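One file, protein11.tsv, is given below (TSV, C-alpha atoms and all ligand atoms).
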```tsv
chain	number	residue	atom	x	y	z
A	2	MET	CA	7.51	-39.45	-13.19
A	3	LYS	CA	9.19	-36.13	-12.38
A	4	GLN	CA	8.26	-33.46	-14.91
A	5	ASP	CA	10.79	-31.19	-16.54
A	6	LEU	CA	9.70	-28.10	-14.59
A	7	ARG	CA	11.49	-24.75	-14.66
A	8	PRO	CA	13.09	-24.29	-11.21
A	9	ILE	CA	11.09	-22.10	-8.88
A	10	ASP	CA	13.98	-19.68	-8.27
A	11	ASP	CA	14.12	-19.08	-11.99
A	12	LEU	CA	10.38	-18.36	-12.12
A	13	ILE	CA	10.41	-15.83	-9.30
A	14	THR	CA	13.62	-13.92	-10.00
A	15	LEU	CA	13.51	-10.36	-11.33
A	16	THR	CA	17.28	-10.06	-11.64
A	17	GLY	CA	18.19	-7.87	-14.60
A	18	LYS	CA	14.73	-6.24	-14.66
A	19	SER	CA	13.86	-2.70	-13.79
A	20	ALA	CA	10.61	-1.53	-12.28
A	21	VAL	CA	8.79	1.73	-11.65
A	22	VAL	CA	6.37	1.93	-8.74
A	23	THR	CA	4.24	5.08	-8.71
A	24	GLY	CA	3.26	6.31	-5.27
A	25	GLY	CA	6.15	4.13	-4.11
A	26	ALA	CA	7.30	6.31	-1.21
A	27	MET	CA	4.95	4.80	1.35
A	28	GLY	CA	2.08	2.43	2.02
A	29	ILE	CA	1.20	-0.21	-0.57
A	30	GLY	CA	3.69	1.22	-3.12
A	31	LEU	CA	6.60	0.86	-0.72
A	32	GLY	CA	5.47	-2.68	0.17
A	33	ILE	CA	5.52	-3.56	-3.54
A	34	ALA	CA	8.89	-1.84	-4.09
A	35	TYR	CA	10.41	-4.01	-1.35
A	36	ARG	CA	9.23	-7.33	-2.80
A	37	LEU	CA	10.28	-6.45	-6.37
A	38	ALA	CA	13.69	-5.30	-5.12
A	39	GLU	CA	14.11	-8.42	-3.01
A	40	ALA	CA	13.49	-10.52	-6.15
A	41	GLY	CA	16.39	-8.67	-7.81
A	42	ALA	CA	14.75	-5.80	-9.71
A	43	ARG	CA	16.16	-2.29	-9.79
A	44	VAL	CA	13.31	-0.18	-8.49
A	45	ALA	CA	12.48	3.44	-9.26
A	46	VAL	CA	10.42	4.85	-6.41
A	47	ALA	CA	8.24	7.40	-8.21
A	48	ASP	CA	6.34	9.79	-5.99
A	49	ILE	CA	4.95	13.30	-5.96
A	50	GLU	CA	7.04	14.39	-2.95
A	51	GLU	CA	10.75	14.55	-3.79
A	52	GLU	CA	11.85	14.08	-0.18
A	53	ALA	CA	9.51	11.16	0.45
A	54	ALA	CA	10.71	9.39	-2.73
A	55	ALA	CA	14.35	9.98	-1.76
A	56	SER	CA	13.85	8.72	1.75
A	57	ALA	CA	12.09	5.52	0.56
A	58	ALA	CA	14.78	4.84	-2.07
A	59	ASN	CA	17.50	5.42	0.55
A	60	GLN	CA	15.75	2.98	2.87
A	61	LEU	CA	15.76	0.31	0.12
A	62	VAL	CA	19.43	0.95	-0.68
A	63	ALA	CA	20.34	0.83	3.03
A	64	ASP	CA	18.66	-2.60	3.12
A	65	GLY	CA	20.94	-3.79	0.32
A	66	PHE	CA	18.64	-3.32	-2.70
A	67	GLU	CA	19.00	-1.30	-5.91
A	68	ALA	CA	16.67	1.69	-5.98
A	69	MET	CA	16.43	5.29	-7.15
A	70	PRO	CA	14.00	8.10	-6.39
A	71	VAL	CA	12.13	9.94	-9.12
A	72	THR	CA	9.64	12.75	-8.68
A	73	VAL	CA	6.39	12.55	-10.63
A	74	ASP	CA	2.86	13.82	-10.61
A	75	VAL	CA	1.09	11.00	-12.44
A	76	SER	CA	-1.74	13.31	-13.49
A	77	ASP	CA	0.63	15.58	-15.43
A	78	GLU	CA	1.77	14.38	-18.86
A	79	THR	CA	5.01	16.41	-18.90
A	80	SER	CA	5.95	15.12	-15.50
A	81	VAL	CA	5.23	11.49	-16.50
A	82	ARG	CA	7.37	11.92	-19.66
A	83	GLN	CA	10.23	13.23	-17.50
A	84	MET	CA	9.85	10.29	-15.11
A	85	VAL	CA	10.02	7.77	-17.96
A	86	ASP	CA	13.11	9.47	-19.47
A	87	THR	CA	14.86	9.68	-16.10
A	88	VAL	CA	14.32	6.00	-15.31
A	89	ILE	CA	15.32	4.83	-18.80
A	90	ASP	CA	18.47	7.03	-18.67
A	91	ALA	CA	19.44	5.38	-15.40
A	92	TYR	CA	18.26	1.79	-15.95
A	93	ASP	CA	18.20	1.51	-19.82
A	94	ALA	CA	14.66	0.15	-19.82
A	95	ILE	CA	11.47	-0.31	-17.87
A	96	ASP	CA	10.32	-3.95	-17.67
A	97	ILE	CA	7.69	-3.56	-14.96
A	98	LEU	CA	5.31	-0.68	-14.29
A	99	VAL	CA	3.19	-0.63	-11.15
A	100	ASN	CA	0.43	1.97	-11.32
A	101	ASN	CA	-0.15	2.41	-7.62
A	102	ALA	CA	-0.38	6.19	-6.94
A	103	GLY	CA	-3.90	7.03	-5.93
A	104	ILE	CA	-5.95	9.15	-3.54
A	105	TYR	CA	-9.20	8.49	-1.70
A	106	PRO	CA	-10.47	11.62	0.09
A	107	ASN	CA	-13.78	10.81	1.76
A	108	ILE	CA	-16.45	13.32	0.66
A	109	LEU	CA	-20.18	12.65	0.57
A	110	VAL	CA	-21.39	13.16	-2.97
A	111	MET	CA	-23.83	15.90	-1.91
A	112	ASN	CA	-20.86	17.90	-0.55
A	113	MET	CA	-18.59	17.08	-3.49
A	114	THR	CA	-17.53	19.81	-5.93
A	115	ALA	CA	-16.74	19.21	-9.59
A	116	ASP	CA	-13.09	19.91	-8.71
A	117	ASP	CA	-13.12	17.25	-5.97
A	118	PHE	CA	-14.49	14.74	-8.48
A	119	ARG	CA	-12.07	15.76	-11.24
A	120	ARG	CA	-8.99	15.61	-8.98
A	121	VAL	CA	-9.64	11.98	-8.01
A	122	LEU	CA	-10.28	10.99	-11.63
A	123	ASP	CA	-7.15	12.90	-12.75
A	124	ILE	CA	-4.81	11.03	-10.41
A	125	ASN	CA	-6.48	7.61	-10.14
A	126	LEU	CA	-7.57	7.14	-13.74
A	127	ASN	CA	-5.88	9.66	-16.07
A	128	GLY	CA	-2.64	9.00	-14.18
A	129	VAL	CA	-2.90	5.28	-14.94
A	130	PHE	CA	-3.61	6.05	-18.59
A	131	LEU	CA	-0.62	8.43	-18.89
A	132	CYS	CA	1.90	6.15	-17.17
A	133	THR	CA	0.67	3.10	-19.07
A	134	LYS	CA	0.78	4.83	-22.44
A	135	LEU	CA	4.19	6.47	-22.00
A	136	VAL	CA	5.85	3.38	-20.52
A	137	ALA	CA	4.21	0.91	-22.94
A	138	GLU	CA	5.43	3.04	-25.86
A	139	ARG	CA	9.01	2.42	-24.72
A	140	MET	CA	8.36	-1.28	-24.00
A	141	ILE	CA	6.98	-1.72	-27.53
A	142	GLU	CA	9.97	0.14	-29.04
A	143	ARG	CA	12.34	-2.20	-27.20
A	144	GLY	CA	10.44	-5.32	-28.22
A	145	GLN	CA	11.06	-7.39	-25.10
A	146	GLY	CA	7.56	-7.35	-23.61
A	147	GLY	CA	6.79	-6.17	-20.11
A	148	ARG	CA	4.43	-6.25	-17.16
A	149	ILE	CA	1.95	-3.61	-16.07
A	150	ILE	CA	0.24	-3.99	-12.72
A	151	ASN	CA	-2.61	-1.67	-11.79
A	152	ILE	CA	-3.54	-1.29	-8.15
A	153	THR	CA	-7.31	-0.96	-8.22
A	154	SER	CA	-9.40	-1.71	-5.12
A	155	ILE	CA	-12.29	-3.87	-3.97
A	156	ASP	CA	-14.14	-0.61	-4.73
A	157	ALA	CA	-13.60	-1.47	-8.41
A	158	LEU	CA	-16.15	-4.22	-7.77
A	159	HIS	CA	-18.29	-3.13	-4.83
A	160	PRO	CA	-18.48	0.04	-2.69
A	161	SER	CA	-16.73	-0.25	0.67
A	162	SER	CA	-18.15	2.88	2.31
A	163	ALA	CA	-20.13	6.06	1.71
A	164	GLY	CA	-18.12	9.14	0.67
A	165	LEU	CA	-16.19	7.41	-2.11
A	166	ALA	CA	-18.37	7.92	-5.21
A	167	HIS	CA	-15.54	9.67	-7.11
A	168	TYR	CA	-13.07	7.00	-5.98
A	169	ASP	CA	-15.35	4.13	-6.96
A	170	ALA	CA	-15.90	5.73	-10.38
A	171	SER	CA	-12.11	5.97	-10.84
A	172	LYS	CA	-11.45	2.39	-9.69
A	173	HIS	CA	-14.22	0.84	-11.81
A	174	GLY	CA	-12.67	2.84	-14.67
A	175	GLU	CA	-9.18	1.58	-13.88
A	176	TRP	CA	-10.39	-2.02	-13.96
A	177	GLY	CA	-12.14	-1.50	-17.32
A	178	PHE	CA	-9.00	0.21	-18.65
A	179	THR	CA	-6.86	-2.74	-17.46
A	180	LYS	CA	-8.91	-5.26	-19.43
A	181	ASN	CA	-9.00	-3.27	-22.65
A	182	VAL	CA	-5.30	-2.39	-22.57
A	183	ALA	CA	-4.44	-6.04	-21.84
A	184	LEU	CA	-6.15	-6.92	-25.11
A	185	GLU	CA	-4.33	-4.19	-27.02
A	186	LEU	CA	-0.86	-4.84	-25.61
A	187	ALA	CA	-0.90	-8.67	-25.72
A	188	PRO	CA	0.56	-8.79	-29.26
A	189	HIS	CA	3.59	-6.93	-27.81
A	190	ARG	CA	3.94	-9.48	-24.98
A	191	ILE	CA	3.05	-6.84	-22.43
A	192	TRP	CA	0.84	-8.47	-19.81
A	193	VAL	CA	-1.51	-6.12	-17.95
A	194	ASN	CA	-3.19	-7.20	-14.72
A	195	ALA	CA	-4.71	-5.62	-11.64
A	196	ILE	CA	-4.67	-6.20	-7.90
A	197	ALA	CA	-7.75	-5.18	-5.93
A	198	PRO	CA	-6.77	-4.64	-2.29
A	199	GLY	CA	-9.25	-4.61	0.55
A	200	GLY	CA	-8.50	-2.47	3.63
A	201	ILE	CA	-4.72	-2.11	3.98
A	202	VAL	CA	-3.12	-0.19	6.84
A	203	THR	CA	-1.18	2.67	5.22
A	204	PRO	CA	-0.41	6.35	5.97
A	205	GLY	CA	-3.07	7.30	3.40
A	206	VAL	CA	-5.77	5.26	5.15
A	207	ARG	CA	-4.88	6.75	8.54
A	208	HIS	CA	-5.09	10.24	7.03
A	209	ALA	CA	-8.43	9.49	5.30
A	210	GLN	CA	-9.88	8.16	8.55
A	211	GLU	CA	-8.89	11.38	10.33
A	212	GLY	CA	-10.48	13.63	7.68
A	213	ALA	CA	-13.58	11.57	6.83
A	214	GLN	CA	-16.98	13.28	6.58
A	215	LEU	CA	-19.29	10.67	8.04
A	216	PRO	CA	-23.07	10.64	7.99
A	217	LYS	CA	-24.57	12.07	11.20
A	218	GLY	CA	-24.33	9.75	14.21
A	219	VAL	CA	-21.57	7.54	12.70
A	220	ASP	CA	-18.28	7.41	14.57
A	221	MET	CA	-14.93	6.39	12.94
A	222	ALA	CA	-13.74	4.00	15.69
A	223	GLU	CA	-17.07	2.20	15.51
A	224	LEU	CA	-16.87	2.09	11.69
A	225	ILE	CA	-13.37	0.52	11.81
A	226	GLU	CA	-14.60	-2.05	14.32
A	227	ARG	CA	-17.62	-2.87	12.13
A	228	PHE	CA	-15.40	-3.12	9.04
A	229	THR	CA	-12.89	-5.43	10.81
A	230	ALA	CA	-15.73	-7.67	11.98
A	231	ARG	CA	-16.75	-8.10	8.32
A	232	ILE	CA	-13.29	-9.37	7.29
A	233	PRO	CA	-13.32	-13.18	7.33
A	234	MET	CA	-9.57	-13.24	8.06
A	235	GLY	CA	-10.24	-10.93	11.04
A	236	ARG	CA	-7.58	-8.32	10.29
A	237	PHE	CA	-6.76	-5.41	8.00
A	238	GLY	CA	-4.09	-6.12	5.37
A	239	GLU	CA	-0.47	-4.95	5.40
A	240	PRO	CA	1.36	-3.42	2.41
A	241	ASP	CA	3.36	-6.65	2.10
A	242	ASP	CA	0.16	-8.64	1.47
A	243	ILE	CA	-0.09	-6.64	-1.74
A	244	GLY	CA	3.69	-6.77	-2.34
A	245	ARG	CA	3.50	-10.56	-2.52
A	246	ALA	CA	0.68	-10.52	-5.09
A	247	ALA	CA	2.60	-7.90	-7.13
A	248	LEU	CA	5.69	-10.10	-7.13
A	249	PHE	CA	3.55	-12.95	-8.48
A	250	LEU	CA	2.24	-10.76	-11.31
A	251	ALA	CA	5.65	-9.22	-12.08
A	252	SER	CA	7.40	-12.60	-12.30
A	253	ASP	CA	7.09	-15.72	-14.44
A	254	LEU	CA	5.01	-17.31	-11.70
A	255	SER	CA	2.09	-15.69	-13.55
A	256	SER	CA	3.15	-16.95	-16.97
A	257	TYR	CA	-0.32	-17.22	-18.53
A	258	MET	CA	-2.22	-14.24	-17.14
A	259	THR	CA	-3.33	-10.99	-18.66
A	260	GLY	CA	-6.45	-8.85	-18.19
A	261	THR	CA	-7.19	-10.34	-14.77
A	262	GLN	CA	-7.71	-8.82	-11.35
A	263	ILE	CA	-6.51	-10.53	-8.17
A	264	VAL	CA	-8.59	-9.65	-5.13
A	265	VAL	CA	-6.43	-9.44	-1.98
A	266	ASP	CA	-8.93	-8.54	0.72
A	267	GLY	CA	-8.86	-11.14	3.51
A	268	GLY	CA	-12.18	-12.36	2.12
A	269	VAL	CA	-14.14	-9.16	2.79
A	270	LEU	CA	-16.03	-9.29	-0.51
A	271	LEU	CA	-17.55	-12.57	0.67
A	272	SER	CA	-19.19	-10.91	3.64
B	301	LIG	P1	-0.83	6.24	0.53
B	301	LIG	O1	-0.43	5.63	1.83
B	301	LIG	O2	-1.51	7.56	0.54
B	301	LIG	O3	0.44	6.30	-0.44
B	301	LIG	C1	0.25	6.78	-1.75
B	301	LIG	C2	1.48	7.50	-2.24
B	301	LIG	O4	1.16	8.05	-3.55
B	301	LIG	C3	1.85	8.71	-1.36
B	301	LIG	O5	3.25	8.78	-1.23
B	301	LIG	C4	1.31	9.88	-2.17
B	301	LIG	O6	1.98	11.10	-1.91
B	301	LIG	C5	1.56	9.42	-3.58
B	301	LIG	N1	0.81	10.20	-4.56
B	301	LIG	C6	-0.38	10.83	-4.39
B	301	LIG	N2	-0.72	11.50	-5.50
B	301	LIG	C7	0.28	11.30	-6.40
B	301	LIG	C8	0.50	11.75	-7.72
B	301	LIG	N3	-0.35	12.58	-8.33
B	301	LIG	N4	1.62	11.34	-8.36
B	301	LIG	C9	2.52	10.53	-7.73
B	301	LIG	N5	2.37	10.10	-6.49
B	301	LIG	C10	1.25	10.47	-5.81
B	301	LIG	O7	-1.83	5.23	-0.28
B	301	LIG	P2	-2.06	3.66	-0.15
B	301	LIG	O8	-3.10	3.42	0.86
B	301	LIG	O9	-0.76	2.98	-0.08
B	301	LIG	O10	-2.76	3.37	-1.56
B	301	LIG	C11	-2.01	3.09	-2.73
B	301	LIG	C12	-2.96	2.61	-3.82
B	301	LIG	O11	-3.70	1.48	-3.34
B	301	LIG	C13	-4.00	3.64	-4.26
B	301	LIG	O12	-4.19	3.54	-5.64
B	301	LIG	C14	-5.24	3.20	-3.52
B	301	LIG	O13	-6.41	3.60	-4.17
B	301	LIG	C15	-5.08	1.70	-3.54
B	301	LIG	N6	-5.83	1.04	-2.48
B	301	LIG	C16	-5.52	1.24	-1.18
B	301	LIG	C17	-6.26	0.57	-0.21
B	301	LIG	C18	-5.95	0.74	1.25
B	301	LIG	O14	-6.76	0.26	2.07
B	301	LIG	N7	-4.85	1.35	1.62
B	301	LIG	C19	-7.31	-0.28	-0.56
B	301	LIG	C20	-7.59	-0.45	-1.90
B	301	LIG	C21	-6.84	0.20	-2.86
B	301	LIG	P3	1.30	12.14	-0.83
B	301	LIG	O15	1.18	11.37	0.46
B	301	LIG	O16	2.26	13.26	-0.78
B	301	LIG	O17	-0.05	12.48	-1.40
```

So that I can check it, write out the structure of this file as structure tokens.
Ligand code: NAP
Amino acid sequence: MKQDLRPIDDLITLTGKSAVVTGGAMGIGLGIAYRLAEAGARVAVADIEEEAAASAANQLVADGFEAMPVTVDVSDETSVRQMVDTVIDAYDAIDILVNNAGIYPNILVMNMTADDFRRVLDINLNGVFLCTKLVAERMIERGQGGRIINITSIDALHPSSAGLAHYDASKHGEWGFTKNVALELAPHRIWVNAIAPGGIVTPGVRHAQEGAQLPKGVDMAELIERFTARIPMGRFGEPDDIGRAALFLASDLSSYMTGTQIVVDGGVLLS
């Protein structure tokens, strides 16, 4: 007998919702912004570079979606407060926060300074704390729940290469933070989940590959080839692979999930 199921269009729609995607000007963030906007959300593209945020928001608008740019440095509390105020002034509320902004400079730990270490933790972990706290405060005040999606990494579970000790510390931290905050915010109907991408082709990855400090005798082209060979699906991911998972977590398709992490890595953790 046919069950009385909610129609699928109703489960996936984000019409009437507004979302903030940090680091949304390019790469994975832009991929996520596109899928949320396509599902009907108004999307604030929040990025450190004013021009990059404006150009990404213009691109979304030109494609027929609702979007606005907002400048933010996620590691700076004043800047995050301004971002939250700006988006709420424009959109009345924030229903969905995607903590995506992050950096991954490749530095071998023996060459790493305390400042190098601190900078990665400031953006990748303190930034997630600041955005979560300041947005959740407003979600709680409004009393209509919300979704928080943290973009971690397979490095939150297992190191992917040398030179990322600071990054792996930040991503393990982000995953731990996700679980604890999910517990704390559940009574407010704010569901907090994470997505752990594997290797995704983005401007940031191309830049990191160019500037990587590799152990003696290791060559980047060879490293990429070796990494690709380890991916059971045989390819690097695209930002839209993560956009699709984010849409799942932002919508009612994920109606009974909080404190979880979805690994989107083409199977690389199996290898
Ligand atoms: P990306 O191409 O470098 O894009 C990141 C965006 O965030 C850039 O526009 C960047 O601006 C911005 N940003 C940097 N610092 C910021 C700050 N303090 N405040 C606000 N915005 C800031 O990076 P991506 O590869 O898409 O990665 C996005 C997220 O996915 C990161 O958290 C990363 O750790 C995670 N991830 C990526 C991969 C991958 O393979 N790509 C794998 C696993 C996890 P600038 O360019 O001006 O710095």

Considering all atoms listed in the file, give me a table of residues in region 25-110 of chain A that are at most 6 Å from region 119-131 of chain A, with the closest atom pair and distance in Å for each, as CSV.
```
residue,atom,partner,partner_atom,distance
A:Val75,CA,A:Gly128,CA,4.6
A:Ser76,CA,A:Gly128,CA,4.5
A:Asn100,CA,A:Val129,CA,5.9
A:Gly103,CA,A:Asn125,CA,5.0
```

Could you give me the residues within 8 Å of ligand LIG 301 (chain B), counting only C-alpha atoms and all ligand atoms, as a PDB file with C-alpha atoms, keeping the file's coordinate frame?
```pdb
ATOM      1  CA  THR A  23       4.240   5.080  -8.710  1.00  0.00           C
ATOM      2  CA  GLY A  24       3.260   6.310  -5.270  1.00  0.00           C
ATOM      3  CA  GLY A  25       6.150   4.130  -4.110  1.00  0.00           C
ATOM      4  CA  ALA A  26       7.300   6.310  -1.210  1.00  0.00           C
ATOM      5  CA  MET A  27       4.950   4.800   1.350  1.00  0.00           C
ATOM      6  CA  GLY A  28       2.080   2.430   2.020  1.00  0.00           C
ATOM      7  CA  ILE A  29       1.200  -0.210  -0.570  1.00  0.00           C
ATOM      8  CA  GLY A  30       3.690   1.220  -3.120  1.00  0.00           C
ATOM      9  CA  LEU A  31       6.600   0.860  -0.720  1.00  0.00           C
ATOM     10  CA  ALA A  47       8.240   7.400  -8.210  1.00  0.00           C
ATOM     11  CA  ASP A  48       6.340   9.790  -5.990  1.00  0.00           C
ATOM     12  CA  ILE A  49       4.950  13.300  -5.960  1.00  0.00           C
ATOM     13  CA  GLU A  50       7.040  14.390  -2.950  1.00  0.00           C
ATOM     14  CA  ALA A  53       9.510  11.160   0.450  1.00  0.00           C
ATOM     15  CA  ALA A  54      10.710   9.390  -2.730  1.00  0.00           C
ATOM     16  CA  THR A  72       9.640  12.750  -8.680  1.00  0.00           C
ATOM     17  CA  VAL A  73       6.390  12.550 -10.630  1.00  0.00           C
ATOM     18  CA  ASP A  74       2.860  13.820 -10.610  1.00  0.00           C
ATOM     19  CA  VAL A  75       1.090  11.000 -12.440  1.00  0.00           C
ATOM     20  CA  SER A  76      -1.740  13.310 -13.490  1.00  0.00           C
ATOM     21  CA  ASP A  77       0.630  15.580 -15.430  1.00  0.00           C
ATOM     22  CA  ASN A 100       0.430   1.970 -11.320  1.00  0.00           C
ATOM     23  CA  ASN A 101      -0.150   2.410  -7.620  1.00  0.00           C
ATOM     24  CA  ALA A 102      -0.380   6.190  -6.940  1.00  0.00           C
ATOM     25  CA  GLY A 103      -3.900   7.030  -5.930  1.00  0.00           C
ATOM     26  CA  ILE A 104      -5.950   9.150  -3.540  1.00  0.00           C
ATOM     27  CA  TYR A 105      -9.200   8.490  -1.700  1.00  0.00           C
ATOM     28  CA  ILE A 124      -4.810  11.030 -10.410  1.00  0.00           C
ATOM     29  CA  ASN A 125      -6.480   7.610 -10.140  1.00  0.00           C
ATOM     30  CA  GLY A 128      -2.640   9.000 -14.180  1.00  0.00           C
ATOM     31  CA  ILE A 152      -3.540  -1.290  -8.150  1.00  0.00           C
ATOM     32  CA  THR A 153      -7.310  -0.960  -8.220  1.00  0.00           C
ATOM     33  CA  SER A 154      -9.400  -1.710  -5.120  1.00  0.00           C
ATOM     34  CA  ILE A 155     -12.290  -3.870  -3.970  1.00  0.00           C
ATOM     35  CA  ASP A 156     -14.140  -0.610  -4.730  1.00  0.00           C
ATOM     36  CA  TYR A 168     -13.070   7.000  -5.980  1.00  0.00           C
ATOM     37  CA  LYS A 172     -11.450   2.390  -9.690  1.00  0.00           C
ATOM     38  CA  ALA A 197      -7.750  -5.180  -5.930  1.00  0.00           C
ATOM     39  CA  PRO A 198      -6.770  -4.640  -2.290  1.00  0.00           C
ATOM     40  CA  GLY A 199      -9.250  -4.610   0.550  1.00  0.00           C
ATOM     41  CA  GLY A 200      -8.500  -2.470   3.630  1.00  0.00           C
ATOM     42  CA  ILE A 201      -4.720  -2.110   3.980  1.00  0.00           C
ATOM     43  CA  VAL A 202      -3.120  -0.190   6.840  1.00  0.00           C
ATOM     44  CA  THR A 203      -1.180   2.670   5.220  1.00  0.00           C
ATOM     45  CA  PRO A 204      -0.410   6.350   5.970  1.00  0.00           C
ATOM     46  CA  GLY A 205      -3.070   7.300   3.400  1.00  0.00           C
ATOM     47  CA  VAL A 206      -5.770   5.260   5.150  1.00  0.00           C
ATOM     48  CA  HIS A 208      -5.090  10.240   7.030  1.00  0.00           C
ATOM     49  CA  GLY A 238      -4.090  -6.120   5.370  1.00  0.00           C
ATOM     50  CA  PRO A 240       1.360  -3.420   2.410  1.00  0.00           C
TER      51      PRO A 240
END
```

Nearest-residue call for Glu138 (chain A), choices A:Val269, A:Leu186, A:Leu15, A:Leu109, using all atoms listed in the file:
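Of all the options, A:Leu186 lies closest to Glu138 (chain A).
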
Figure out the distance between CA of Arg236 (chain A) and CA of Met221 (chain A), please, to one decimal in Å.
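Separating CA of Met221 (chain A) from CA of Arg236 (chain A) is a distance of 16.7 Å.
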
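Only residues having an atom at most 9 Å from (17.9, -1.0, -1.7) are included; using only C-alpha atoms, these are Tyr35, Ala38, Glu39, Arg43, Val44, Ala58, Asn59, Gln60, Leu61, Val62, Ala63, Asp64, Gly65, Phe66, Glu67, Ala68 and Met69 of chain A.
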
What's the separation between CA of Ile97 (chain A) and CA of Ile150 (chain A), in Å to one decimal place?
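These two atoms are separated by 7.8 Å.
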
Can you pull out the residues contacting Ile191 (chain A)? Cut-off 9 Å, using only C-alpha atoms, and skip same-chain residues under 4 positions away; I want them as JSON, numbers by chain.
{"A": [137, 140, 141, 145, 146, 147, 148, 149, 183, 186, 187, 259]}

Set the distance at 12 Å and use only C-alpha atoms: which residues neighbour Met111 (chain A) once local chain neighbours fewer than 4 positions away are removed? I'd like the list as a compact mmCIF listing (two decimals) with C-alpha atoms, keeping the file's coordinate frame.
```
# COMPACT_ATOMS: atom_id res chain seq x y z
CA ASN A 107 -13.78 10.81 1.76
CA ALA A 115 -16.74 19.21 -9.59
CA ASP A 117 -13.12 17.25 -5.97
CA PHE A 118 -14.49 14.74 -8.48
CA ALA A 163 -20.13 6.06 1.71
CA GLY A 164 -18.12 9.14 0.67
CA LEU A 165 -16.19 7.41 -2.11
CA ALA A 166 -18.37 7.92 -5.21
CA HIS A 167 -15.54 9.67 -7.11
CA GLN A 214 -16.98 13.28 6.58
CA PRO A 216 -23.07 10.64 7.99
```

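The nearest approach to Gln83 (chain A) among the residues A:Leu135, A:Ile196, A:Val99, A:Gly174, with all atoms listed in the file taken into account, belongs to A:Leu135.
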
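Distances to Arg82 (chain A) were evaluated for A:Ala55, A:Cys132, A:Asp241, A:Ile9 using all atoms listed in the file, and the minimum falls at A:Cys132.
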
Got a sec: who's within 9 Å of Arg245 (chain A), counting all atoms listed in the file, leaving out chain neighbours fewer than 2 positions off, as a ChimeraX atom specification?
/A:32-33,36-37,240-243,247-250

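Atom pair CA of Gln262 (chain A) / CA of Ser171 (chain A) has a distance of 15.4 Å (rounded to one decimal).
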
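Proximity to Ala170 (chain A) was assessed for A:Leu224, A:Val110, A:Ala251, A:Leu215 counting all atoms listed in the file; the smallest distance is recorded for A:Val110.
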
Hey, what's within 9 Å of Leu270 (chain A) if we count only C-alpha atoms and toss same-chain stuff fewer than 6 positions away? As a PDB file with C-alpha atoms, in the coordinates of the input, please?
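Below is the file that was written, result-v8.pdb:
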```
ATOM      1  CA  ILE A 155     -12.290  -3.870  -3.970  1.00  0.00           C
ATOM      2  CA  LEU A 158     -16.150  -4.220  -7.770  1.00  0.00           C
ATOM      3  CA  HIS A 159     -18.290  -3.130  -4.830  1.00  0.00           C
ATOM      4  CA  GLY A 199      -9.250  -4.610   0.550  1.00  0.00           C
ATOM      5  CA  ARG A 231     -16.750  -8.100   8.320  1.00  0.00           C
ATOM      6  CA  ILE A 232     -13.290  -9.370   7.290  1.00  0.00           C
ATOM      7  CA  VAL A 264      -8.590  -9.650  -5.130  1.00  0.00           C
TER       8      VAL A 264
END
```
